[in-house]
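Trainee: For reference, the file input10.pdb (PDB, C-alpha atoms) is included below:
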```
MODEL        1
ATOM      1  CA  PRO I  28      -2.021 -28.999 -17.536  1.00  0.00           C
ATOM      2  CA  ASP I  29      -5.189 -26.867 -17.977  1.00  0.00           C
ATOM      3  CA  GLY I  30      -3.973 -25.119 -21.148  1.00  0.00           C
ATOM      4  CA  ILE I  31      -4.077 -21.661 -19.571  1.00  0.00           C
ATOM      5  CA  ALA I  32      -0.907 -19.609 -19.921  1.00  0.00           C
ATOM      6  CA  ARG I  33       0.358 -18.083 -16.714  1.00  0.00           C
ATOM      7  CA  ILE I  34       2.595 -15.089 -16.027  1.00  0.00           C
ATOM      8  CA  THR I  35       4.381 -14.144 -12.843  1.00  0.00           C
ATOM      9  CA  ILE I  36       4.149 -10.704 -11.282  1.00  0.00           C
ATOM     10  CA  GLU I  37       7.813 -10.192 -12.126  1.00  0.00           C
ATOM     11  CA  GLU I  38       7.190 -11.057 -15.796  1.00  0.00           C
ATOM     12  CA  LEU I  39       4.209  -8.685 -15.875  1.00  0.00           C
ATOM     13  CA  LYS I  40       6.271  -5.882 -14.343  1.00  0.00           C
ATOM     14  CA  THR I  41       9.040  -6.431 -16.903  1.00  0.00           C
ATOM     15  CA  LYS I  42       6.558  -6.244 -19.772  1.00  0.00           C
ATOM     16  CA  MET I  43       4.998  -3.088 -18.349  1.00  0.00           C
ATOM     17  CA  ASP I  44       8.415  -1.494 -17.754  1.00  0.00           C
ATOM     18  CA  LYS I  45       9.267  -2.206 -21.413  1.00  0.00           C
ATOM     19  CA  LYS I  46       6.006  -0.480 -22.409  1.00  0.00           C
ATOM     20  CA  GLU I  47       4.685  -3.643 -24.036  1.00  0.00           C
ATOM     21  CA  LYS I  48       0.964  -3.684 -24.781  1.00  0.00           C
ATOM     22  CA  VAL I  49      -0.411  -5.270 -21.612  1.00  0.00           C
ATOM     23  CA  VAL I  50      -3.837  -4.868 -20.019  1.00  0.00           C
ATOM     24  CA  VAL I  51      -4.542  -6.085 -16.500  1.00  0.00           C
ATOM     25  CA  LEU I  52      -8.131  -7.322 -16.328  1.00  0.00           C
ATOM     26  CA  ASP I  53      -9.593  -7.674 -12.829  1.00  0.00           C
ATOM     27  CA  VAL I  54     -12.551 -10.073 -13.018  1.00  0.00           C
ATOM     28  CA  ARG I  55     -13.243 -10.258  -9.300  1.00  0.00           C
ATOM     29  CA  GLY I  56     -16.900  -9.492  -8.613  1.00  0.00           C
ATOM     30  CA  HIS I  57     -16.732  -7.639  -5.352  1.00  0.00           C
ATOM     31  CA  ALA I  58     -13.080  -6.864  -4.892  1.00  0.00           C
ATOM     32  CA  GLY I  59     -12.317  -5.127  -1.633  1.00  0.00           C
ATOM     33  CA  THR I  60      -9.614  -3.135  -3.374  1.00  0.00           C
ATOM     34  CA  LEU I  61      -9.192  -2.245  -7.006  1.00  0.00           C
ATOM     35  CA  ILE I  62      -5.930  -2.663  -8.854  1.00  0.00           C
ATOM     36  CA  LYS I  63      -4.568   0.698  -9.980  1.00  0.00           C
ATOM     37  CA  GLY I  64      -4.615   0.944 -13.754  1.00  0.00           C
ATOM     38  CA  ALA I  65      -6.550  -2.285 -14.248  1.00  0.00           C
ATOM     39  CA  VAL I  66      -9.754  -2.692 -16.209  1.00  0.00           C
ATOM     40  CA  HIS I  67     -12.407  -4.011 -13.802  1.00  0.00           C
ATOM     41  CA  ILE I  68     -15.068  -6.216 -15.388  1.00  0.00           C
ATOM     42  CA  PRO I  69     -16.655  -8.890 -13.188  1.00  0.00           C
ATOM     43  CA  LEU I  70     -16.353 -12.360 -14.713  1.00  0.00           C
ATOM     44  CA  GLY I  71     -20.084 -12.682 -15.360  1.00  0.00           C
ATOM     45  CA  GLU I  72     -20.051  -9.467 -17.401  1.00  0.00           C
ATOM     46  CA  ILE I  73     -17.095 -10.215 -19.702  1.00  0.00           C
ATOM     47  CA  GLU I  74     -19.129 -11.191 -22.779  1.00  0.00           C
ATOM     48  CA  LYS I  75     -21.170  -7.994 -22.826  1.00  0.00           C
ATOM     49  CA  ASN I  76     -18.038  -5.856 -22.298  1.00  0.00           C
ATOM     50  CA  LEU I  77     -15.641  -7.374 -24.839  1.00  0.00           C
ATOM     51  CA  ASP I  78     -15.577  -4.050 -26.678  1.00  0.00           C
ATOM     52  CA  LYS I  79     -13.712  -2.551 -23.696  1.00  0.00           C
ATOM     53  CA  LEU I  80     -10.756  -4.896 -24.223  1.00  0.00           C
ATOM     54  CA  PRO I  81      -8.074  -4.221 -26.834  1.00  0.00           C
ATOM     55  CA  LYS I  82      -7.492  -6.866 -29.444  1.00  0.00           C
ATOM     56  CA  ASP I  83      -3.810  -6.033 -29.882  1.00  0.00           C
ATOM     57  CA  SER I  84      -2.622  -6.423 -26.284  1.00  0.00           C
ATOM     58  CA  LEU I  85      -1.696  -9.183 -23.900  1.00  0.00           C
ATOM     59  CA  ILE I  86      -4.547  -9.449 -21.394  1.00  0.00           C
ATOM     60  CA  VAL I  87      -3.496 -10.579 -17.929  1.00  0.00           C
ATOM     61  CA  THR I  88      -6.471 -11.634 -15.824  1.00  0.00           C
ATOM     62  CA  VAL I  89      -6.620 -11.322 -12.049  1.00  0.00           C
ATOM     63  CA  CYS I  90      -9.240 -13.571 -10.518  1.00  0.00           C
ATOM     64  CA  SER I  91      -8.403 -14.057  -6.865  1.00  0.00           C
TER      65      SER I  91
ENDMDL
END
```
Kindly present the structure from the file in structure tokens form.
Mentor:
Amino acid sequence: PDGIARITIEELKTKMDKKEKVVVLDVRGHAGTLIKGAVHIPLGEIEKNLDKLPKDSLIVTVCS
């Protein structure tokens, strides 16, 4: 309904296991724990850090 595509953890794992181009982007500001292998850019800093994100990969955002 909101136009945002969603992916389950199982679907993400399958894509990663198949070595598909996937980047996990953690946008939580003050996350208590970081996600191993994820790119961490707080939501308010996305625009000034777009150069850190690949243009040829699926970007899966973690926000909560």
Trainee: Could you pull the residues within 12 Å of Lys82 of chain I, counting only C-alpha atoms, minus those fewer than 4 positions along the same chain, as a list in words?
Mentor: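 Selected residues are Lys48, Val49, Val50, Leu77, Asp78 and Ile86 of chain I.
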Trainee: Measure the distance from atom CA of Val66 of chain I to atom CA of Ser84 of chain I in Å and round it to one decimal.
Mentor: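 Computed distance, atom CA of Val66 of chain I to atom CA of Ser84 of chain I, equals 12.9 Å.
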Trainee: For a quick check of understanding, using all atoms listed in the file, which of I:Met43, I:Asn76, I:Glu38, I:Asp29 has the smallest distance to Gly64 of chain I?
Mentor: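 So, comparing all the options, the nearest one is I:Met43.
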Trainee: So that I can check the surroundings of Ile68 of chain I, please list as a list in words every protein, DNA and RNA residue that reaches within 7 Å of it, counting all atoms listed in the file and ignoring chain neighbours fewer than 5 positions away.
Mentor: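 Close residues of Ile68 of chain I: Asp53, Val54 and Ile73 of chain I.
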Trainee: Around (5.3, -10.5, -14.5) in the file's frame, which residues reach within 12 Å when counting only C-alpha atoms? Return as a PyMOL selection string?
Mentor: chain I and resi 33-45+47+49+51+85+87-88
Trainee: The selected residues should be written to file as a compact mmCIF listing (two decimals), in the coordinates of the input (atoms: C-alpha atoms).
Mentor:
```txt
# COMPACT_ATOMS: atom_id res chain seq x y z
CA ARG I 33 0.36 -18.08 -16.71
CA ILE I 34 2.60 -15.09 -16.03
CA THR I 35 4.38 -14.14 -12.84
CA ILE I 36 4.15 -10.70 -11.28
CA GLU I 37 7.81 -10.19 -12.13
CA GLU I 38 7.19 -11.06 -15.80
CA LEU I 39 4.21 -8.68 -15.88
CA LYS I 40 6.27 -5.88 -14.34
CA THR I 41 9.04 -6.43 -16.90
CA LYS I 42 6.56 -6.24 -19.77
CA MET I 43 5.00 -3.09 -18.35
CA ASP I 44 8.41 -1.49 -17.75
CA LYS I 45 9.27 -2.21 -21.41
CA GLU I 47 4.68 -3.64 -24.04
CA VAL I 49 -0.41 -5.27 -21.61
CA VAL I 51 -4.54 -6.08 -16.50
CA LEU I 85 -1.70 -9.18 -23.90
CA VAL I 87 -3.50 -10.58 -17.93
CA THR I 88 -6.47 -11.63 -15.82
```
Trainee: Report the distance between atom CA of Gly56 of chain I and atom CA of Asp83 of chain I in Å, rounded to one decimal place.
Mentor: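 So the two atoms, atom CA of Gly56 of chain I and atom CA of Asp83 of chain I, lie 25.2 Å apart.
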Trainee: Taking 3 positions as the minimum chain separation for residues in the same chain, which residues sit within 12 Å of His57 of chain I when counting all atoms listed in the file? Answer as a ChimeraX atom specification.
Mentor: /I:53-54,60-61,67-71,90-91
